[in-house]
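Undergrad: I have a structure I would like to understand better, so I am pasting it below and will then ask my questions one at a time.
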Amino acid sequence: MSMFKIFNVAGSAVSAQSQRLNVVASNLANADTVGGPDRSPYKARHVVFTTQPMGEVGTAGVAVTKVTEDDTPGRRIHDPKHPQADAEGYVTYSNVNAVEEMVNMISASRSYQNNIEVMNTAKSLLMKTLQLGQGS
């Protein structure tokens with residue numbers, strides 16, 4: 001594998017994890033929201049990754065194929081005085097699990113950092129290779 005392909009593979013992972021972080025941020029921002037004007041609450045979203053071949057056999061990166069919505073029902077809390085309460089007095093909140101989203105955020109952040117470190121290491125190795133021809 002060419003040293004330059006390392007940047008393509010790690011770059012695809014950085015891009016995918018960046019999209020994952022954006023989705024997690026959106027989920028966390030809407031964790032305690034209720035249904036909007038159409039009365040439907042925010043639904044948590046999840047990123048779906050897939051392997052992306054990158055030329056040579058055995059070389060693969062990652063790509064985001066789609067962002068799906070979680071169909072788990074939202075939390076229902078009895079609060080008849082709330083302006084968004086239904087006929088039974090229940091308010092439906094988003095189905096975002098803040099703890100799960102924090103775990104996703106930490107996982108995506110670490111993966112992002114690891115792939116940046118891979119690119120920095122590859123850059124360092126390329127620089128040292130160039131310095132070999134210069135002599136001391």
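Labeling convention for the structure tokens: chains A, B, ... as they appear, residues from 1 per chain, ligands from 1 in order of appearance.
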Show me, as a PyMOL selection string, the residues that have an atom within 12 Å of Ser2 of chain A when counting only C-alpha atoms, minus same-chain residues fewer than 3 positions from it.

TA: chain A and resi 5-9+54-56+59+122+126

Undergrad: Would you pick out the contacts of Thr65 of chain A at 8 Å or less, using only C-alpha atoms, so that residues sharing its chain but fewer than 3 positions from it are not included, and give the list as a PDB file with all heavy atoms, in the first residue's frame?

TA:
ATOM      1  N   VAL A  47     -26.248   7.320  12.398  1.00  0.00           N
ATOM      2  CA  VAL A  47     -25.461   7.242  11.169  1.00  0.00           C
ATOM      3  C   VAL A  47     -25.178   5.774  10.867  1.00  0.00           C
ATOM      4  O   VAL A  47     -24.845   4.997  11.758  1.00  0.00           O
ATOM      5  CB  VAL A  47     -24.130   8.013  11.342  1.00  0.00           C
ATOM      6  CG1 VAL A  47     -23.240   7.853  10.134  1.00  0.00           C
ATOM      7  CG2 VAL A  47     -24.412   9.478  11.601  1.00  0.00           C
ATOM      8  N   VAL A  48     -25.310   5.409   9.585  1.00  0.00           N
ATOM      9  CA  VAL A  48     -25.013   4.046   9.146  1.00  0.00           C
ATOM     10  C   VAL A  48     -23.744   4.094   8.299  1.00  0.00           C
ATOM     11  O   VAL A  48     -23.690   4.797   7.285  1.00  0.00           O
ATOM     12  CB  VAL A  48     -26.184   3.457   8.321  1.00  0.00           C
ATOM     13  CG1 VAL A  48     -25.841   2.059   7.827  1.00  0.00           C
ATOM     14  CG2 VAL A  48     -27.460   3.447   9.154  1.00  0.00           C
ATOM     15  N   PHE A  49     -22.727   3.364   8.738  1.00  0.00           N
ATOM     16  CA  PHE A  49     -21.450   3.296   8.028  1.00  0.00           C
ATOM     17  C   PHE A  49     -21.418   2.072   7.118  1.00  0.00           C
ATOM     18  O   PHE A  49     -22.055   1.068   7.399  1.00  0.00           O
ATOM     19  CB  PHE A  49     -20.273   3.166   9.003  1.00  0.00           C
ATOM     20  CG  PHE A  49     -20.067   4.353   9.901  1.00  0.00           C
ATOM     21  CD1 PHE A  49     -19.921   4.181  11.264  1.00  0.00           C
ATOM     22  CD2 PHE A  49     -19.996   5.640   9.400  1.00  0.00           C
ATOM     23  CE1 PHE A  49     -19.712   5.252  12.103  1.00  0.00           C
ATOM     24  CE2 PHE A  49     -19.795   6.722  10.229  1.00  0.00           C
ATOM     25  CZ  PHE A  49     -19.648   6.526  11.578  1.00  0.00           C
ATOM     26  N   THR A  50     -20.622   2.159   6.066  1.00  0.00           N
ATOM     27  CA  THR A  50     -20.368   1.012   5.208  1.00  0.00           C
ATOM     28  C   THR A  50     -18.913   1.049   4.751  1.00  0.00           C
ATOM     29  O   THR A  50     -18.304   2.121   4.708  1.00  0.00           O
ATOM     30  CB  THR A  50     -21.321   0.991   3.993  1.00  0.00           C
ATOM     31  OG1 THR A  50     -21.148  -0.234   3.292  1.00  0.00           O
ATOM     32  CG2 THR A  50     -21.040   2.127   3.043  1.00  0.00           C
TER      33      THR A  50
END

Undergrad: Which residue, A:Gly58, A:Ala16, A:Ala63, A:Tyr42, has the smallest gap to Ala29 of chain A when you use only C-alpha atoms?

TA: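 Looking at the shortest contact to Ala29 of chain A, the residue is A:Tyr42.
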
Undergrad: Using only C-alpha atoms, can you tell me which of A:Val91, A:Asn120, A:Arg45, A:Leu130 comes closest to Leu21 of chain A?

TA: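 Nearest candidate to Leu21 of chain A out of A:Val91, A:Asn120, A:Arg45, A:Leu130: A:Arg45.
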
Undergrad: Residues within 10 Å of Glu100 of chain A, please, as a list in words. Count only C-alpha atoms; anything in the same chain fewer than 4 positions from it doesn't count.

TA: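 Result of the neighbour search: Val24, Leu28, Val96, Asn104 and Met105 of chain A.
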
Undergrad: Using DSSP on the backbone coordinates, identify the residues of segment 17-123 of chain A assigned to strand (DSSP E or B); present them as a ChimeraX atom specification.

TA: /A:34,45-53,60-69,76-78,90-93

Undergrad: Take atom CA of Ser12 of chain A and atom CA of Ile116 of chain A and report the distance between them in Å, one decimal.

TA: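 If I compute the distance from atom CA of Ser12 of chain A to atom CA of Ile116 of chain A, I get 10.9 Å.
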
Undergrad: Find the residues around Gln113 of chain A up to 12 Å (only C-alpha atoms counted), leave out those fewer than 4 positions away in its own chain, and share them as a list in words.

TA: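 The neighbour list is Ala10, Gly11, Ala13, Val14, Ser15, Gln17, Ser18, Ile106, Ser107, Ala108, Ser109, Glu117, Val118, Met119 and Asn120 of chain A.
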
Undergrad: Write a file of the just-selected residues containing all heavy atoms, as a tab-separated table (two decimals), in the first residue's frame.

TA:
chain	number	residue	atom	x	y	z
A	10	ALA	N	-7.62	7.06	6.23
A	10	ALA	CA	-7.85	7.79	7.48
A	10	ALA	C	-8.75	9.00	7.25
A	10	ALA	O	-9.59	9.33	8.10
A	10	ALA	CB	-6.52	8.21	8.09
A	11	GLY	N	-8.61	9.65	6.11
A	11	GLY	CA	-9.46	10.80	5.79
A	11	GLY	C	-10.92	10.41	5.66
A	11	GLY	O	-11.81	11.16	6.09
A	13	ALA	N	-12.35	8.01	7.28
A	13	ALA	CA	-12.82	7.77	8.65
A	13	ALA	C	-13.06	9.09	9.39
A	13	ALA	O	-14.04	9.23	10.12
A	13	ALA	CB	-11.81	6.91	9.40
A	14	VAL	N	-12.17	10.06	9.18
A	14	VAL	CA	-12.34	11.37	9.82
A	14	VAL	C	-13.63	12.02	9.34
A	14	VAL	O	-14.41	12.56	10.14
A	14	VAL	CB	-11.12	12.27	9.54
A	14	VAL	CG1	-11.41	13.72	9.87
A	14	VAL	CG2	-9.91	11.78	10.32
A	15	SER	N	-13.88	11.96	8.05
A	15	SER	CA	-15.10	12.53	7.49
A	15	SER	C	-16.35	11.84	8.03
A	15	SER	O	-17.33	12.50	8.41
A	15	SER	CB	-15.07	12.42	5.96
A	15	SER	OG	-16.26	12.88	5.40
A	17	GLN	N	-16.66	10.11	10.87
A	17	GLN	CA	-16.84	10.40	12.30
A	17	GLN	C	-17.29	11.83	12.52
A	17	GLN	O	-18.02	12.12	13.47
A	17	GLN	CB	-15.56	10.09	13.07
A	17	GLN	CG	-15.19	8.62	13.11
A	17	GLN	CD	-16.27	7.73	13.70
A	17	GLN	OE1	-17.12	8.15	14.47
A	17	GLN	NE2	-16.22	6.45	13.33
A	18	SER	N	-16.88	12.73	11.65
A	18	SER	CA	-17.34	14.12	11.74
A	18	SER	C	-18.85	14.19	11.52
A	18	SER	O	-19.57	14.89	12.24
A	18	SER	CB	-16.61	14.98	10.71
A	18	SER	OG	-17.08	16.30	10.75
A	106	ILE	N	-18.41	10.26	22.68
A	106	ILE	CA	-17.06	9.90	23.12
A	106	ILE	C	-16.42	8.94	22.13
A	106	ILE	O	-15.25	9.10	21.74
A	106	ILE	CB	-17.09	9.32	24.54
A	106	ILE	CG1	-17.46	10.40	25.55
A	106	ILE	CG2	-15.76	8.68	24.90
A	106	ILE	CD1	-17.81	9.89	26.93
A	107	SER	N	-17.18	7.95	21.69
A	107	SER	CA	-16.66	6.97	20.73
A	107	SER	C	-16.27	7.64	19.41
A	107	SER	O	-15.19	7.38	18.87
A	107	SER	CB	-17.72	5.89	20.49
A	107	SER	OG	-17.33	5.03	19.47
A	108	ALA	N	-17.14	8.50	18.88
A	108	ALA	CA	-16.84	9.18	17.62
A	108	ALA	C	-15.66	10.12	17.77
A	108	ALA	O	-14.79	10.19	16.89
A	108	ALA	CB	-18.07	9.96	17.16
A	109	SER	N	-15.59	10.81	18.89
A	109	SER	CA	-14.48	11.74	19.14
A	109	SER	C	-13.14	11.01	19.21
A	109	SER	O	-12.15	11.44	18.62
A	109	SER	CB	-14.75	12.50	20.43
A	109	SER	OG	-13.68	13.35	20.73
A	117	GLU	N	-4.34	11.04	14.32
A	117	GLU	CA	-3.01	10.59	14.75
A	117	GLU	C	-2.38	9.68	13.69
A	117	GLU	O	-1.16	9.74	13.46
A	117	GLU	CB	-3.12	9.85	16.09
A	117	GLU	CG	-1.79	9.54	16.73
A	117	GLU	CD	-0.96	10.80	17.04
A	117	GLU	OE1	-1.55	11.85	17.37
A	117	GLU	OE2	0.28	10.70	16.94
A	118	VAL	N	-3.18	8.85	13.03
A	118	VAL	CA	-2.66	8.01	11.94
A	118	VAL	C	-2.10	8.89	10.83
A	118	VAL	O	-1.00	8.65	10.32
A	118	VAL	CB	-3.77	7.08	11.39
A	118	VAL	CG1	-3.37	6.48	10.05
A	118	VAL	CG2	-4.08	5.98	12.39
A	119	MET	N	-2.83	9.94	10.47
A	119	MET	CA	-2.35	10.85	9.41
A	119	MET	C	-1.09	11.59	9.85
A	119	MET	O	-0.16	11.77	9.05
A	119	MET	CB	-3.45	11.83	9.00
A	119	MET	CG	-4.56	11.16	8.21
A	119	MET	SD	-5.68	12.30	7.41
A	119	MET	CE	-6.71	12.79	8.77
A	120	ASN	N	-1.03	12.00	11.11
A	120	ASN	CA	0.17	12.69	11.60
A	120	ASN	C	1.38	11.76	11.61
A	120	ASN	O	2.49	12.17	11.27
A	120	ASN	CB	-0.07	13.25	13.00
A	120	ASN	CG	-0.89	14.52	12.97
A	120	ASN	OD1	-0.91	15.24	11.98
A	120	ASN	ND2	-1.59	14.78	14.06

Undergrad: Which of segment 64-125 of chain A counts as helix (DSSP H, G or I) under DSSP, as a list in words please?

TA: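 Residues of segment 64-125 of chain A classed as helix (DSSP H, G or I): Ala98, Val99, Glu100, Glu101, Met102, Val103, Asn104, Met105, Ile106, Ser107, Ala108, Ser109, Arg110, Ser111, Tyr112, Gln113, Asn114, Asn115, Ile116, Glu117, Val118, Met119, Asn120, Thr121, Ala122, Lys123, Ser124 and Leu125 of chain A.
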
Undergrad: Distance atom CA of Thr33 of chain A-atom CA of Asn95 of chain A, one decimal place?

TA: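 That distance, rounded to one decimal, is 9.4 Å.
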
Undergrad: From the options A:Ala85, A:Ser94, A:Pro53, A:Asp79, which residue's atoms come nearest to Pro41 of chain A, counting only C-alpha atoms?

TA: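 Nearest to Pro41 of chain A: A:Ser94.
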
Undergrad: Give me the residues near Ser26 of chain A as a VMD selection string, where near means some atom within 10 Å (using only C-alpha atoms) and where sequence neighbours in that chain fewer than 6 positions away do not count.

TA: chain A and resid 20 44 to 45 101

Undergrad: For those residues, write N, CA and C atoms to a file as a PDB file, in the first residue's frame.

TA:
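In the end it all went to out38.pdb:
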ATOM      1  N   ARG A  20     -20.904  11.742  12.067  1.00  0.00           N
ATOM      2  CA  ARG A  20     -21.494  11.100  13.247  1.00  0.00           C
ATOM      3  C   ARG A  20     -21.583  12.090  14.408  1.00  0.00           C
ATOM      4  N   ALA A  44     -34.667  10.521  17.346  1.00  0.00           N
ATOM      5  CA  ALA A  44     -33.210  10.380  17.332  1.00  0.00           C
ATOM      6  C   ALA A  44     -32.755   9.848  15.980  1.00  0.00           C
ATOM      7  N   ARG A  45     -31.587  10.306  15.553  1.00  0.00           N
ATOM      8  CA  ARG A  45     -31.031   9.864  14.282  1.00  0.00           C
ATOM      9  C   ARG A  45     -29.731   9.111  14.542  1.00  0.00           C
ATOM     10  N   GLU A 101     -26.273   8.866  23.762  1.00  0.00           N
ATOM     11  CA  GLU A 101     -25.679   9.849  22.853  1.00  0.00           C
ATOM     12  C   GLU A 101     -24.316  10.321  23.349  1.00  0.00           C
TER      13      GLU A 101
END

Undergrad: What is the atom CA of Gln52 of chain A-atom CA of Phe4 of chain A distance in Å, reported with one decimal?

TA: 16.7 Å
